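**Q** Supplied structure: entry-v4.cif, mmCIF, C-alpha atoms and all ligand atoms.
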```cif
data_data
#
loop_
_atom_site.group_PDB
_atom_site.id
_atom_site.type_symbol
_atom_site.label_atom_id
_atom_site.label_comp_id
_atom_site.auth_asym_id
_atom_site.auth_seq_id
_atom_site.Cartn_x
_atom_site.Cartn_y
_atom_site.Cartn_z
ATOM 1 C CA MET A 545 -21.529 10.005 -2.888
ATOM 2 C CA VAL A 546 -22.677 7.910 0.011
ATOM 3 C CA ASN A 547 -25.302 5.388 -0.963
ATOM 4 C CA SER A 548 -28.607 6.802 0.228
ATOM 5 C CA ARG A 549 -30.000 3.345 1.025
ATOM 6 C CA PHE A 550 -27.992 3.412 4.249
ATOM 7 C CA SER A 551 -28.825 5.569 7.231
ATOM 8 C CA THR A 552 -26.166 7.808 8.720
ATOM 9 C CA ALA A 553 -25.825 5.458 11.691
ATOM 10 C CA GLU A 554 -25.383 2.455 9.423
ATOM 11 C CA ILE A 555 -22.783 4.283 7.406
ATOM 12 C CA ARG A 556 -20.940 5.231 10.579
ATOM 13 C CA LEU A 557 -20.948 1.594 11.707
ATOM 14 C CA LEU A 558 -19.692 0.431 8.339
ATOM 15 C CA PHE A 559 -16.984 3.075 8.441
ATOM 16 C CA LEU A 560 -15.870 2.124 11.940
ATOM 17 C CA ALA A 561 -15.855 -1.543 10.990
ATOM 18 C CA THR A 562 -13.633 -0.642 8.078
ATOM 19 C CA VAL A 563 -11.008 1.255 10.001
ATOM 20 C CA LEU A 564 -11.009 -0.184 13.508
ATOM 21 C CA VAL A 565 -10.603 -3.922 13.047
ATOM 22 C CA PRO A 566 -6.891 -4.603 13.290
ATOM 23 C CA GLY A 567 -5.394 -7.466 11.395
ATOM 24 C CA ASP A 568 -8.053 -7.730 8.717
ATOM 25 C CA SER A 569 -7.161 -7.448 5.105
ATOM 26 C CA LYS A 570 -8.673 -4.726 2.973
ATOM 27 C CA VAL A 571 -9.525 -3.967 -0.622
ATOM 28 C CA PHE A 572 -8.966 -0.268 -1.168
ATOM 29 C CA GLY A 573 -10.806 2.023 -3.510
ATOM 30 C CA ILE A 574 -8.551 4.262 -5.568
ATOM 31 C CA CYS A 575 -9.530 7.458 -3.731
ATOM 32 C CA GLU A 576 -9.253 5.798 -0.354
ATOM 33 C CA LEU A 577 -5.792 4.502 -1.149
ATOM 34 C CA SER A 578 -4.742 7.841 -2.621
ATOM 35 C CA GLN A 579 -5.795 9.664 0.527
ATOM 36 C CA VAL A 580 -4.142 7.213 2.899
ATOM 37 C CA LEU A 581 -0.909 7.250 0.915
ATOM 38 C CA HIS A 582 -0.821 11.020 0.685
ATOM 39 C CA TYR A 583 -2.296 12.277 3.943
ATOM 40 C CA GLN A 584 -1.254 9.553 6.363
ATOM 41 C CA LEU A 585 1.889 8.152 4.824
ATOM 42 C CA ASP A 586 3.337 11.289 3.221
ATOM 43 C CA VAL A 587 3.524 10.038 -0.342
ATOM 44 C CA PRO A 588 3.852 13.187 -2.489
ATOM 45 C CA LEU A 589 0.970 13.819 -4.880
ATOM 46 C CA ALA A 590 3.419 13.679 -7.768
ATOM 47 C CA ASP A 591 4.384 10.122 -6.828
ATOM 48 C CA LEU A 592 0.847 8.821 -6.331
ATOM 49 C CA PRO A 593 0.147 7.757 -9.937
ATOM 50 C CA MET A 594 3.158 5.433 -9.987
ATOM 51 C CA TRP A 595 2.463 3.854 -6.618
ATOM 52 C CA LEU A 596 -1.208 3.461 -7.480
ATOM 53 C CA CYS A 597 -0.338 1.904 -10.812
ATOM 54 C CA ILE A 598 2.032 -0.567 -9.214
ATOM 55 C CA ALA A 599 -0.441 -1.447 -6.463
ATOM 56 C CA TYR A 600 -3.218 -1.865 -9.034
ATOM 57 C CA TYR A 601 -1.309 -4.246 -11.273
ATOM 58 C CA GLU A 602 0.365 -6.096 -8.414
ATOM 59 C CA SER A 603 -2.635 -6.625 -6.122
ATOM 60 C CA ASN A 604 -5.689 -4.856 -7.516
ATOM 61 C CA TYR A 605 -5.526 -2.805 -4.291
ATOM 62 C CA ASN A 606 -6.155 -5.963 -2.231
ATOM 63 C CA THR A 607 -3.917 -6.209 0.819
ATOM 64 C CA SER A 608 -4.570 -9.959 1.113
ATOM 65 C CA ALA A 609 -3.058 -10.723 -2.301
ATOM 66 C CA VAL A 610 -0.468 -13.501 -2.276
ATOM 67 C CA GLY A 611 1.555 -14.369 -5.384
ATOM 68 C CA PRO A 612 1.061 -17.717 -7.154
ATOM 69 C CA LEU A 613 4.175 -19.233 -5.587
ATOM 70 C CA ALA A 614 3.375 -17.746 -2.172
ATOM 71 C CA GLU A 615 6.502 -15.637 -2.472
ATOM 72 C CA ASP A 616 4.957 -12.186 -2.873
ATOM 73 C CA PHE A 617 2.731 -10.484 -0.349
ATOM 74 C CA GLY A 618 0.186 -7.725 -0.135
ATOM 75 C CA LEU A 619 -0.608 -4.440 -1.822
ATOM 76 C CA PHE A 620 2.823 -4.109 -3.439
ATOM 77 C CA GLN A 621 3.523 -7.863 -3.733
ATOM 78 C CA ILE A 622 6.709 -7.636 -1.742
ATOM 79 C CA SER A 623 8.875 -10.744 -2.007
ATOM 80 C CA LYS A 624 9.862 -13.003 0.856
ATOM 81 C CA LEU A 625 13.106 -13.733 -0.990
ATOM 82 C CA PHE A 626 14.674 -10.505 0.247
ATOM 83 C CA TRP A 627 12.335 -8.213 2.086
ATOM 84 C CA CYS A 628 10.235 -10.119 4.649
ATOM 85 C CA ASP A 629 10.457 -13.441 6.477
ATOM 86 C CA PRO A 630 7.488 -15.844 6.667
ATOM 87 C CA ARG A 631 8.578 -16.938 10.161
ATOM 88 C CA GLY A 632 9.178 -13.459 11.454
ATOM 89 C CA ASN A 633 12.901 -13.957 11.940
ATOM 90 C CA VAL A 634 14.243 -10.408 12.075
ATOM 91 C CA GLU A 635 17.871 -11.074 12.926
ATOM 92 C CA ASN A 636 18.931 -9.998 9.459
ATOM 93 C CA ALA A 637 16.680 -6.958 9.278
ATOM 94 C CA GLY A 638 18.240 -4.213 7.229
ATOM 95 C CA LYS A 639 20.957 -6.461 5.825
ATOM 96 C CA VAL A 640 20.576 -6.767 2.078
ATOM 97 C CA LYS A 641 23.357 -9.342 1.651
ATOM 98 C CA SER A 642 22.592 -11.574 4.620
ATOM 99 C CA ALA A 643 21.144 -15.015 4.184
ATOM 100 C CA PRO A 644 18.277 -15.320 4.714
ATOM 101 C CA PRO A 645 17.682 -11.599 4.313
ATOM 102 C CA ASN A 646 14.674 -9.871 5.791
ATOM 103 C CA VAL A 647 15.580 -6.352 4.855
ATOM 104 C CA CYS A 648 12.325 -4.791 6.003
ATOM 105 C CA GLY A 649 12.432 -6.663 9.309
ATOM 106 C CA LEU A 650 8.870 -7.876 8.858
ATOM 107 C CA LYS A 651 7.001 -11.133 9.209
ATOM 108 C CA CYS A 652 5.506 -11.523 5.738
ATOM 109 C CA ASP A 653 1.909 -11.739 6.954
ATOM 110 C CA ARG A 654 2.238 -8.185 8.213
ATOM 111 C CA LEU A 655 2.065 -7.310 4.535
ATOM 112 C CA LEU A 656 -1.429 -8.790 4.279
ATOM 113 C CA ASP A 657 -3.294 -6.777 6.893
ATOM 114 C CA ASP A 658 -5.210 -3.532 6.594
ATOM 115 C CA ASP A 659 -2.450 -1.412 8.121
ATOM 116 C CA ILE A 660 -0.407 -0.440 5.101
ATOM 117 C CA SER A 661 2.057 1.771 6.956
ATOM 118 C CA ASP A 662 4.606 -1.052 7.239
ATOM 119 C CA ASP A 663 3.950 -2.050 3.627
ATOM 120 C CA VAL A 664 4.694 1.473 2.452
ATOM 121 C CA ALA A 665 7.782 1.691 4.642
ATOM 122 C CA CYS A 666 8.999 -1.602 3.172
ATOM 123 C CA ALA A 667 8.113 -0.506 -0.377
ATOM 124 C CA ARG A 668 10.206 2.620 0.185
ATOM 125 C CA THR A 669 13.106 0.414 1.296
ATOM 126 C CA VAL A 670 12.696 -1.755 -1.801
ATOM 127 C CA PHE A 671 12.531 1.377 -3.951
ATOM 128 C CA GLN A 672 15.644 2.871 -2.380
ATOM 129 C CA GLU A 673 17.701 -0.292 -2.728
ATOM 130 C CA HIS A 674 16.802 -0.531 -6.407
ATOM 131 C CA GLN A 675 17.336 3.188 -6.855
ATOM 132 C CA ASN A 676 20.865 2.705 -5.551
ATOM 133 C CA PHE A 677 21.413 -0.456 -7.569
ATOM 134 C CA GLU A 678 19.680 0.317 -10.866
ATOM 135 C CA GLY A 679 19.115 4.052 -10.835
ATOM 136 C CA ASP A 680 15.356 3.617 -10.892
ATOM 137 C CA GLY A 681 13.730 2.239 -7.754
ATOM 138 C CA PHE A 682 10.502 1.287 -9.491
ATOM 139 C CA LYS A 683 12.364 -1.326 -11.521
ATOM 140 C CA ALA A 684 11.965 -3.525 -8.448
ATOM 141 C CA TRP A 685 8.436 -4.213 -9.645
ATOM 142 C CA ALA A 686 7.964 -6.359 -12.747
ATOM 143 C CA VAL A 687 4.810 -4.459 -13.705
ATOM 144 C CA TYR A 688 6.644 -1.138 -13.815
ATOM 145 C CA GLU A 689 8.074 -1.123 -17.300
ATOM 146 C CA PRO A 690 5.250 -2.864 -19.188
ATOM 147 C CA LYS A 691 2.366 -1.231 -17.343
ATOM 148 C CA CYS A 692 3.368 1.851 -15.378
ATOM 149 C CA LYS A 693 6.536 3.564 -16.575
ATOM 150 C CA ASN A 694 4.754 5.861 -19.012
ATOM 151 C CA VAL A 695 1.672 6.200 -16.880
ATOM 152 C CA GLY A 696 -0.546 9.235 -17.167
ATOM 153 C CA PRO A 697 -2.310 10.916 -14.282
ATOM 154 C CA LEU A 698 -4.182 8.004 -12.779
ATOM 155 C CA VAL A 699 -5.489 9.719 -9.655
ATOM 156 C CA PRO A 700 -9.012 10.894 -10.446
ATOM 157 C CA ASP A 701 -9.562 14.568 -9.808
ATOM 158 C CA TRP A 702 -12.462 13.769 -7.539
ATOM 159 C CA CYS A 703 -10.154 11.998 -5.088
ATOM 160 C CA PHE A 704 -8.785 15.417 -4.160
ATOM 161 C CA PRO A 705 -11.577 17.905 -4.800
ATOM 162 C CA PRO A 706 -10.839 21.614 -4.320
ATOM 163 C CA ASN A 707 -10.847 22.626 -0.666
ATOM 164 C CA TYR A 708 -11.024 18.985 0.400
ATOM 165 C CA VAL A 709 -10.055 18.599 4.035
ATOM 166 C CA PRO A 710 -9.243 15.070 5.145
ATOM 167 C CA ILE A 711 -11.038 14.044 8.299
ATOM 168 C CA ASN A 712 -9.109 13.146 11.393
ATOM 169 C CA ILE A 713 -5.902 12.101 9.706
ATOM 170 C CA SER A 714 -4.106 11.160 12.887
ATOM 171 C CA SER A 715 -6.616 8.482 13.911
ATOM 172 C CA LYS A 716 -6.243 6.427 10.749
ATOM 173 C CA ALA A 717 -9.633 7.585 9.548
ATOM 174 C CA TYR A 718 -10.186 8.654 5.987
ATOM 175 C CA ASP A 719 -13.052 9.700 3.835
ATOM 176 C CA ASN A 720 -14.313 6.741 1.864
ATOM 177 C CA SER A 721 -17.504 8.527 0.825
ATOM 178 C CA ILE A 722 -16.070 9.998 -2.359
HETATM 179 CA CA CA B 1 0.723 -4.236 6.827
#
```
Spit out the file's structure as structure tokens when you get a sec.
Ligand SMILES: [Ca+2]

**A**
Amino acid sequence: MVNSRFSTAEIRLLFLATVLVPGDSKVFGICELSQVLHYQLDVPLADLPMWLCIAYYESNYNTSAVGPLAEDFGLFQISKLFWCDPRGNVENAGKVKSAPPNVCGLKCDRLLDDDISDDVACARTVFQEHQNFEGDGFKAWAVYEPKCKNVGPLVPDWCFPPNYVPINISSKAYDNSI
């Protein structure tokens, strides 16, 4: 429920400030993240619990999270050792065995902003490489086996209430009122 202390106009301003400021980092709520992952970024509902679990234990849903050695970035704590380049050098994009690799073709700070589309695309690349290499793409994340592998249904029912219709999916807007 929307907090009744705020007027509709104030809520609208807060909402716009949340979704329209490019480059800012963001701390997601679980429903918000679930809806963005599913409705905007085509993550199947069946896969949401695992991605949410990994994001929770890696970053606590905070896109500005940086690992203790400044090697891991963002919501999914993607490593600069293989997947992104701190300087934005993309000449080795897509080349797993190149040195230095930047498989996702991203400057690492792109993994810290509030646009998680490139993070999810990169996480899918990480997943696929590990799927090919180890037979289980989630093994790329250290939290997977101790925290997430046997995860139950983590997405609260109220994130996807019956007959819920997401608002204006194509404009990067989502319903953060539930
Ligand atoms: Ca990003």

**Q** Taking only residues of range 549-661 of chain A that have an atom at most 10 Å from an atom of range 676-685 of chain A, what is each one's shortest atom pair and its distance in Å to one decimal, using only C-alpha atoms, in chain and number order, as JSON lines?

**A**
```
{"residue": "A:Met594", "atom": "CA", "partner": "A:Phe682", "partner_atom": "CA", "distance": 8.4}
{"residue": "A:Trp595", "atom": "CA", "partner": "A:Phe682", "partner_atom": "CA", "distance": 8.9}
{"residue": "A:Ile598", "atom": "CA", "partner": "A:Trp685", "partner_atom": "CA", "distance": 7.4}
{"residue": "A:Ala599", "atom": "CA", "partner": "A:Trp685", "partner_atom": "CA", "distance": 9.8}
{"residue": "A:Tyr601", "atom": "CA", "partner": "A:Trp685", "partner_atom": "CA", "distance": 9.9}
{"residue": "A:Glu602", "atom": "CA", "partner": "A:Trp685", "partner_atom": "CA", "distance": 8.4}
{"residue": "A:Phe620", "atom": "CA", "partner": "A:Trp685", "partner_atom": "CA", "distance": 8.4}
{"residue": "A:Gln621", "atom": "CA", "partner": "A:Trp685", "partner_atom": "CA", "distance": 8.5}
{"residue": "A:Ile622", "atom": "CA", "partner": "A:Trp685", "partner_atom": "CA", "distance": 8.8}
```

**Q** Give, as lines of an AutoDock Vina configuration file, the centre coordinates and the x, y and z edge lengths in Å to one decimal for an axis-aligned box around all listed atoms of range 604-608 of chain A, padded by 5 Å on each side.

**A**
```
center_x = -5.0
center_y = -6.4
center_z = -3.2
size_x = 12.2
size_y = 17.2
size_z = 18.6
```

**Q** Using all atoms listed in the file, find each protein or nucleic acid residue lying at most 9 Å from ligand CA 1 (chain B); present the set as a tab-separated table (two decimals) with C-alpha atoms, keeping the file's coordinate frame.

**A**
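selection.tsv, written as the output of this step:
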```
chain	number	residue	atom	x	y	z
A	567	GLY	CA	-5.39	-7.47	11.40
A	569	SER	CA	-7.16	-7.45	5.11
A	607	THR	CA	-3.92	-6.21	0.82
A	618	GLY	CA	0.19	-7.72	-0.14
A	619	LEU	CA	-0.61	-4.44	-1.82
A	652	CYS	CA	5.51	-11.52	5.74
A	653	ASP	CA	1.91	-11.74	6.95
A	654	ARG	CA	2.24	-8.18	8.21
A	655	LEU	CA	2.06	-7.31	4.54
A	656	LEU	CA	-1.43	-8.79	4.28
A	657	ASP	CA	-3.29	-6.78	6.89
A	658	ASP	CA	-5.21	-3.53	6.59
A	659	ASP	CA	-2.45	-1.41	8.12
A	660	ILE	CA	-0.41	-0.44	5.10
A	661	SER	CA	2.06	1.77	6.96
A	662	ASP	CA	4.61	-1.05	7.24
A	663	ASP	CA	3.95	-2.05	3.63
A	664	VAL	CA	4.69	1.47	2.45
```

**Q** If you apply the PyMOL selection byres (((chain A and resi 589) around 12) and not hetatm) to this file, what residues do you get, as an mmCIF file with C-alpha atoms, in the coordinates of the input?

**A**
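Generated file (selection-v2.cif):
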```
data_model
loop_
_atom_site.group_PDB
_atom_site.id
_atom_site.type_symbol
_atom_site.label_atom_id
_atom_site.label_comp_id
_atom_site.auth_asym_id
_atom_site.auth_seq_id
_atom_site.Cartn_x
_atom_site.Cartn_y
_atom_site.Cartn_z
ATOM 1 C CA SER A 578 -4.742 7.841 -2.621
ATOM 2 C CA GLN A 579 -5.795 9.664 0.527
ATOM 3 C CA VAL A 580 -4.142 7.213 2.899
ATOM 4 C CA LEU A 581 -0.909 7.250 0.915
ATOM 5 C CA HIS A 582 -0.821 11.020 0.685
ATOM 6 C CA TYR A 583 -2.296 12.277 3.943
ATOM 7 C CA LEU A 585 1.889 8.152 4.824
ATOM 8 C CA ASP A 586 3.337 11.289 3.221
ATOM 9 C CA VAL A 587 3.524 10.038 -0.342
ATOM 10 C CA PRO A 588 3.852 13.187 -2.489
ATOM 11 C CA ALA A 590 3.419 13.679 -7.768
ATOM 12 C CA ASP A 591 4.384 10.122 -6.828
ATOM 13 C CA LEU A 592 0.847 8.821 -6.331
ATOM 14 C CA PRO A 593 0.147 7.757 -9.937
ATOM 15 C CA MET A 594 3.158 5.433 -9.987
ATOM 16 C CA TRP A 595 2.463 3.854 -6.618
ATOM 17 C CA LEU A 596 -1.208 3.461 -7.480
ATOM 18 C CA PRO A 697 -2.310 10.916 -14.282
ATOM 19 C CA LEU A 698 -4.182 8.004 -12.779
ATOM 20 C CA VAL A 699 -5.489 9.719 -9.655
ATOM 21 C CA PRO A 700 -9.012 10.894 -10.446
ATOM 22 C CA ASP A 701 -9.562 14.568 -9.808
ATOM 23 C CA CYS A 703 -10.154 11.998 -5.088
ATOM 24 C CA PHE A 704 -8.785 15.417 -4.160
#
```

**Q** Once the PyMOL selection byres (((chain A and resi 630-641) around 12) and not hetatm) has been applied to the shown file, what residues remain in the selection, as a PDB file with C-alpha atoms, in the coordinates of the input?

**A**
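Dumped to expr_7.pdb:
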```
ATOM      1  CA  ALA A 614       3.375 -17.746  -2.172  1.00  0.00           C
ATOM      2  CA  GLU A 615       6.502 -15.637  -2.472  1.00  0.00           C
ATOM      3  CA  ASP A 616       4.957 -12.186  -2.873  1.00  0.00           C
ATOM      4  CA  PHE A 617       2.731 -10.484  -0.349  1.00  0.00           C
ATOM      5  CA  ILE A 622       6.709  -7.636  -1.742  1.00  0.00           C
ATOM      6  CA  SER A 623       8.875 -10.744  -2.007  1.00  0.00           C
ATOM      7  CA  LYS A 624       9.862 -13.003   0.856  1.00  0.00           C
ATOM      8  CA  LEU A 625      13.106 -13.733  -0.990  1.00  0.00           C
ATOM      9  CA  PHE A 626      14.674 -10.505   0.247  1.00  0.00           C
ATOM     10  CA  TRP A 627      12.335  -8.213   2.086  1.00  0.00           C
ATOM     11  CA  CYS A 628      10.235 -10.119   4.649  1.00  0.00           C
ATOM     12  CA  ASP A 629      10.457 -13.441   6.477  1.00  0.00           C
ATOM     13  CA  SER A 642      22.592 -11.574   4.620  1.00  0.00           C
ATOM     14  CA  ALA A 643      21.144 -15.015   4.184  1.00  0.00           C
ATOM     15  CA  PRO A 644      18.277 -15.320   4.714  1.00  0.00           C
ATOM     16  CA  PRO A 645      17.682 -11.599   4.313  1.00  0.00           C
ATOM     17  CA  ASN A 646      14.674  -9.871   5.791  1.00  0.00           C
ATOM     18  CA  VAL A 647      15.580  -6.352   4.855  1.00  0.00           C
ATOM     19  CA  CYS A 648      12.325  -4.791   6.003  1.00  0.00           C
ATOM     20  CA  GLY A 649      12.432  -6.663   9.309  1.00  0.00           C
ATOM     21  CA  LEU A 650       8.870  -7.876   8.858  1.00  0.00           C
ATOM     22  CA  LYS A 651       7.001 -11.133   9.209  1.00  0.00           C
ATOM     23  CA  CYS A 652       5.506 -11.523   5.738  1.00  0.00           C
ATOM     24  CA  ASP A 653       1.909 -11.739   6.954  1.00  0.00           C
ATOM     25  CA  ARG A 654       2.238  -8.185   8.213  1.00  0.00           C
ATOM     26  CA  LEU A 655       2.065  -7.310   4.535  1.00  0.00           C
ATOM     27  CA  LEU A 656      -1.429  -8.790   4.279  1.00  0.00           C
ATOM     28  CA  CYS A 666       8.999  -1.602   3.172  1.00  0.00           C
ATOM     29  CA  THR A 669      13.106   0.414   1.296  1.00  0.00           C
ATOM     30  CA  VAL A 670      12.696  -1.755  -1.801  1.00  0.00           C
ATOM     31  CA  GLN A 672      15.644   2.871  -2.380  1.00  0.00           C
ATOM     32  CA  GLU A 673      17.701  -0.292  -2.728  1.00  0.00           C
ATOM     33  CA  HIS A 674      16.802  -0.531  -6.407  1.00  0.00           C
ATOM     34  CA  PHE A 677      21.413  -0.456  -7.569  1.00  0.00           C
TER      35      PHE A 677
END
```

**Q** Calculate how many Å separate CA of Lys570 in chain A from CA of Val695 in chain A, rounding to one decimal.

**A**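 So the answer is 24.9 Å.
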
**Q** With all atoms listed in the file as the atoms that count, which of A:Gln584, A:Gln675, A:Lys693, A:Ser608 lies nearest to Asp568 in chain A?

**A**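 Using all atoms listed in the file, the shortest distance to Asp568 in chain A belongs to A:Ser608.
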